[in-house]
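A.B. asks: This one is target_8.cif, mmCIF, C-alpha atoms.
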```cif
data_my_file
#
loop_
_atom_site.label_atom_id
_atom_site.label_comp_id
_atom_site.auth_asym_id
_atom_site.auth_seq_id
_atom_site.Cartn_x
_atom_site.Cartn_y
_atom_site.Cartn_z
CA MET A 1 154.73 81.59 128.08
CA ASP A 2 151.68 82.55 126.05
CA LYS A 3 150.56 86.10 126.89
CA TYR A 4 147.01 84.79 127.37
CA GLU A 5 148.01 82.11 129.90
CA CYS A 6 146.90 84.44 132.68
CA LEU A 7 143.34 84.33 131.34
CA LYS A 8 142.89 80.57 131.73
CA LEU A 9 140.46 79.53 134.43
CA LYS A 10 143.05 77.31 136.07
CA ASN A 11 145.22 80.38 136.67
CA GLN A 12 142.53 82.47 138.32
CA LEU A 13 142.26 82.91 142.06
CA CYS A 14 138.63 83.95 141.73
CA PHE A 15 137.43 80.80 139.94
CA PRO A 16 138.15 78.19 142.63
CA LEU A 17 136.69 80.57 145.23
CA TYR A 18 133.60 81.06 143.07
CA SER A 19 133.26 77.29 142.56
CA ALA A 20 133.65 76.56 146.26
CA SER A 21 131.14 79.24 147.18
CA ASN A 22 128.61 77.83 144.71
CA LYS A 23 129.08 74.33 146.08
CA ILE A 24 128.53 75.50 149.64
CA ILE A 25 125.45 77.54 148.76
CA ARG A 26 123.98 74.59 146.82
CA SER A 27 124.57 72.42 149.89
CA TYR A 28 122.41 74.76 151.95
CA LYS A 29 119.45 74.43 149.59
CA PRO A 30 117.91 71.19 150.92
CA LEU A 31 118.49 72.28 154.52
CA LEU A 32 116.85 75.66 153.96
CA LYS A 33 113.93 74.13 152.06
CA GLU A 34 112.55 72.90 155.40
CA LEU A 35 112.50 76.52 156.60
CA ASP A 36 111.10 77.86 153.31
CA LEU A 37 114.15 80.12 152.92
CA THR A 38 116.59 80.86 150.15
CA TYR A 39 120.24 81.30 151.05
CA THR A 40 119.97 85.10 150.85
CA GLN A 41 116.85 85.06 153.02
CA TYR A 42 118.74 82.89 155.50
CA LEU A 43 121.53 85.48 155.65
CA VAL A 44 118.99 88.20 156.42
CA MET A 45 117.39 86.07 159.13
CA MET A 46 120.76 85.27 160.73
CA ALA A 47 121.60 88.97 160.82
CA LEU A 48 118.26 89.70 162.49
CA TRP A 49 118.64 86.84 164.97
CA GLU A 50 121.88 88.51 166.04
CA ASN A 51 120.47 92.04 166.14
CA ASP A 52 116.74 92.52 165.87
CA MET A 53 115.42 95.90 164.68
CA VAL A 54 117.98 96.85 162.06
CA MET A 55 117.83 99.67 159.55
CA VAL A 56 117.66 98.50 155.94
CA LYS A 57 120.80 100.48 155.14
CA THR A 58 122.68 98.82 158.02
CA LEU A 59 121.48 95.39 156.93
CA SER A 60 122.57 96.13 153.38
CA GLU A 61 126.05 97.12 154.54
CA ARG A 62 126.37 94.17 156.89
CA LEU A 63 125.43 91.62 154.22
CA PHE A 64 127.31 93.36 151.39
CA LEU A 65 124.10 93.54 149.37
CA GLU A 66 122.82 96.52 147.44
CA THR A 67 119.49 97.81 148.70
CA ASN A 68 117.88 97.03 145.33
CA THR A 69 118.94 93.39 145.84
CA LEU A 70 117.88 93.34 149.48
CA SER A 71 114.44 94.95 149.01
CA PRO A 72 112.80 91.98 147.23
CA VAL A 73 114.30 89.62 149.81
CA ILE A 74 112.78 91.70 152.59
CA GLN A 75 109.43 91.76 150.77
CA ARG A 76 109.40 87.96 150.49
CA LEU A 77 110.34 87.47 154.14
CA GLU A 78 107.62 89.90 155.13
CA ALA A 79 105.07 88.04 152.95
CA LYS A 80 106.07 84.79 154.71
CA GLY A 81 105.41 86.47 158.05
CA TYR A 82 109.01 86.18 159.30
CA ILE A 83 109.79 89.89 159.51
CA GLU A 84 108.02 93.22 159.86
CA ARG A 85 108.90 96.72 158.74
CA ALA A 86 108.71 99.59 161.15
CA SER A 87 109.24 103.28 160.57
CA LEU A 88 111.22 105.07 163.22
CA GLU A 89 109.35 107.56 165.37
CA GLU A 90 112.13 110.12 164.89
CA ASP A 91 112.05 109.88 161.09
CA ASP A 92 109.31 107.94 159.34
CA ARG A 93 111.39 107.87 156.14
CA VAL A 94 113.86 105.51 157.83
CA VAL A 95 112.68 101.91 157.75
CA ALA A 96 113.80 99.31 160.24
CA ILE A 97 113.34 95.56 159.91
CA CYS A 98 112.49 93.43 162.90
CA LEU A 99 111.59 89.81 163.51
CA SER A 100 107.97 88.78 163.84
CA ASP A 101 107.00 86.13 166.38
CA GLU A 102 107.18 83.55 163.55
CA GLY A 103 110.65 84.78 162.62
CA LYS A 104 111.81 84.39 166.21
CA LYS A 105 110.41 80.84 166.33
CA LEU A 106 112.21 79.98 163.09
CA LYS A 107 115.54 80.42 164.90
CA ASP A 108 114.88 77.21 166.86
CA LYS A 109 114.44 75.29 163.61
CA ALA A 110 117.51 76.88 162.02
CA VAL A 111 119.88 76.05 164.86
CA LYS A 112 120.58 72.61 163.36
CA ILE A 113 121.61 73.92 159.93
CA PRO A 114 125.31 74.68 160.64
CA GLN A 115 125.82 71.20 162.08
CA GLU A 116 123.98 69.53 159.19
CA LEU A 117 126.00 71.52 156.67
CA SER A 118 129.26 70.53 158.33
CA LYS A 119 128.31 66.88 157.75
CA CYS A 120 128.14 67.60 154.00
CA PHE A 121 131.80 68.57 154.08
CA ASN A 122 133.02 66.21 156.82
CA ILE A 123 133.73 69.09 159.17
CA GLU A 124 133.16 68.40 162.85
#
```
For the file at hand, write its structure as structure tokens.

C.D. replies:
Amino acid sequence: MDKYECLKLKNQLCFPLYSASNKIIRSYKPLLKELDLTYTQYLVMMALWENDMVMVKTLSERLFLETNTLSPVIQRLEAKGYIERASLEEDDRVVAICLSDEGKKLKDKAVKIPQELSKCFNIE
């Protein structure tokens, strides 16, 4: 066997996982367009729908996103009026993210997304 055989895409575990992940995320795009959300913004909103009022650091850890990746996402969601930032009374250097009224209402629109996505992949 060629010593470089291990470097072929077909022999990589990561490549089919990467391809599948990309396909799934692309399938979300038209569904999320109705909510004016990107996939990453949708992840943030789902995390907040589960637990409102979350520290940025906690959100970063939960979503496996670096804070420098998460910060612009938070800024965009805040600009859309879906979330608000709040400093903690105990320590105003610590920032928490919470849902706005609009962000809470968006949950009702988003509830159909998992079912619609499952139709894309014939999962019921």

A.B. asks: Need the shell around A:Gly103: protein/DNA/RNA residues with any atom at most 12 Å away, counting all atoms listed in the file. Skip same-chain ones fewer than 5 positions apart. Format as an mmCIF file with C-alpha atoms, in the coordinates of the input?

C.D. replies:
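Saved to result02.cif:
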```cif
data_model
loop_
_atom_site.group_PDB
_atom_site.id
_atom_site.type_symbol
_atom_site.label_atom_id
_atom_site.label_comp_id
_atom_site.auth_asym_id
_atom_site.auth_seq_id
_atom_site.Cartn_x
_atom_site.Cartn_y
_atom_site.Cartn_z
ATOM 1 C CA LEU A 35 112.500 76.520 156.600
ATOM 2 C CA ASP A 36 111.100 77.860 153.310
ATOM 3 C CA LEU A 37 114.150 80.120 152.920
ATOM 4 C CA GLN A 41 116.850 85.060 153.020
ATOM 5 C CA TYR A 42 118.740 82.890 155.500
ATOM 6 C CA VAL A 44 118.990 88.200 156.420
ATOM 7 C CA MET A 45 117.390 86.070 159.130
ATOM 8 C CA MET A 46 120.760 85.270 160.730
ATOM 9 C CA ALA A 47 121.600 88.970 160.820
ATOM 10 C CA LEU A 48 118.260 89.700 162.490
ATOM 11 C CA TRP A 49 118.640 86.840 164.970
ATOM 12 C CA ASP A 52 116.740 92.520 165.870
ATOM 13 C CA LEU A 77 110.340 87.470 154.140
ATOM 14 C CA GLU A 78 107.620 89.900 155.130
ATOM 15 C CA ALA A 79 105.070 88.040 152.950
ATOM 16 C CA LYS A 80 106.070 84.790 154.710
ATOM 17 C CA GLY A 81 105.410 86.470 158.050
ATOM 18 C CA TYR A 82 109.010 86.180 159.300
ATOM 19 C CA ILE A 83 109.790 89.890 159.510
ATOM 20 C CA GLU A 84 108.020 93.220 159.860
ATOM 21 C CA ILE A 97 113.340 95.560 159.910
ATOM 22 C CA CYS A 98 112.490 93.430 162.900
ATOM 23 C CA ASP A 108 114.880 77.210 166.860
ATOM 24 C CA LYS A 109 114.440 75.290 163.610
ATOM 25 C CA ALA A 110 117.510 76.880 162.020
#
```

A.B. asks: Please determine, counting all atoms listed in the file, which residue among A:Met53, A:Cys120, A:Arg62, A:Asp101 has the shortest atom-to-atom distance to A:Ser87.

C.D. replies: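 With all atoms listed in the file as the atom set, the closest residue is A:Met53.
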
A.B. asks: Could you state the separation of atom CA of A:Leu17 and atom CA of A:Ser60 in Å, given to one decimal place?

C.D. replies: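 These two atoms are separated by 22.5 Å.
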
A.B. asks: Kindly list the centre and edge lengths in Å, rounded to one decimal, for the axis-aligned box that covers all listed atoms of stretch 71-87 of chain A plus 8 Å on each of its six sides, as AutoDock Vina command-line options.

C.D. replies:
```
--center_x 109.8 --center_y 94.0 --center_z 154.2 --size_x 25.4 --size_y 34.5 --size_z 29.9
```

A.B. asks: Restricting the calculation to all atoms listed in the file, which member of A:Ile25, A:Leu32, A:Met55, A:Leu117 is positioned closest to A:Leu70?

C.D. replies: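 Among the listed residues, A:Met55 lies closest to A:Leu70.
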
A.B. asks: Have a look at atom CA of A:Glu34 and atom CA of A:Pro114 and let me know their distance in Å, one decimal.

C.D. replies: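 Going from atom CA of A:Glu34 over to atom CA of A:Pro114, I get 13.9 Å.
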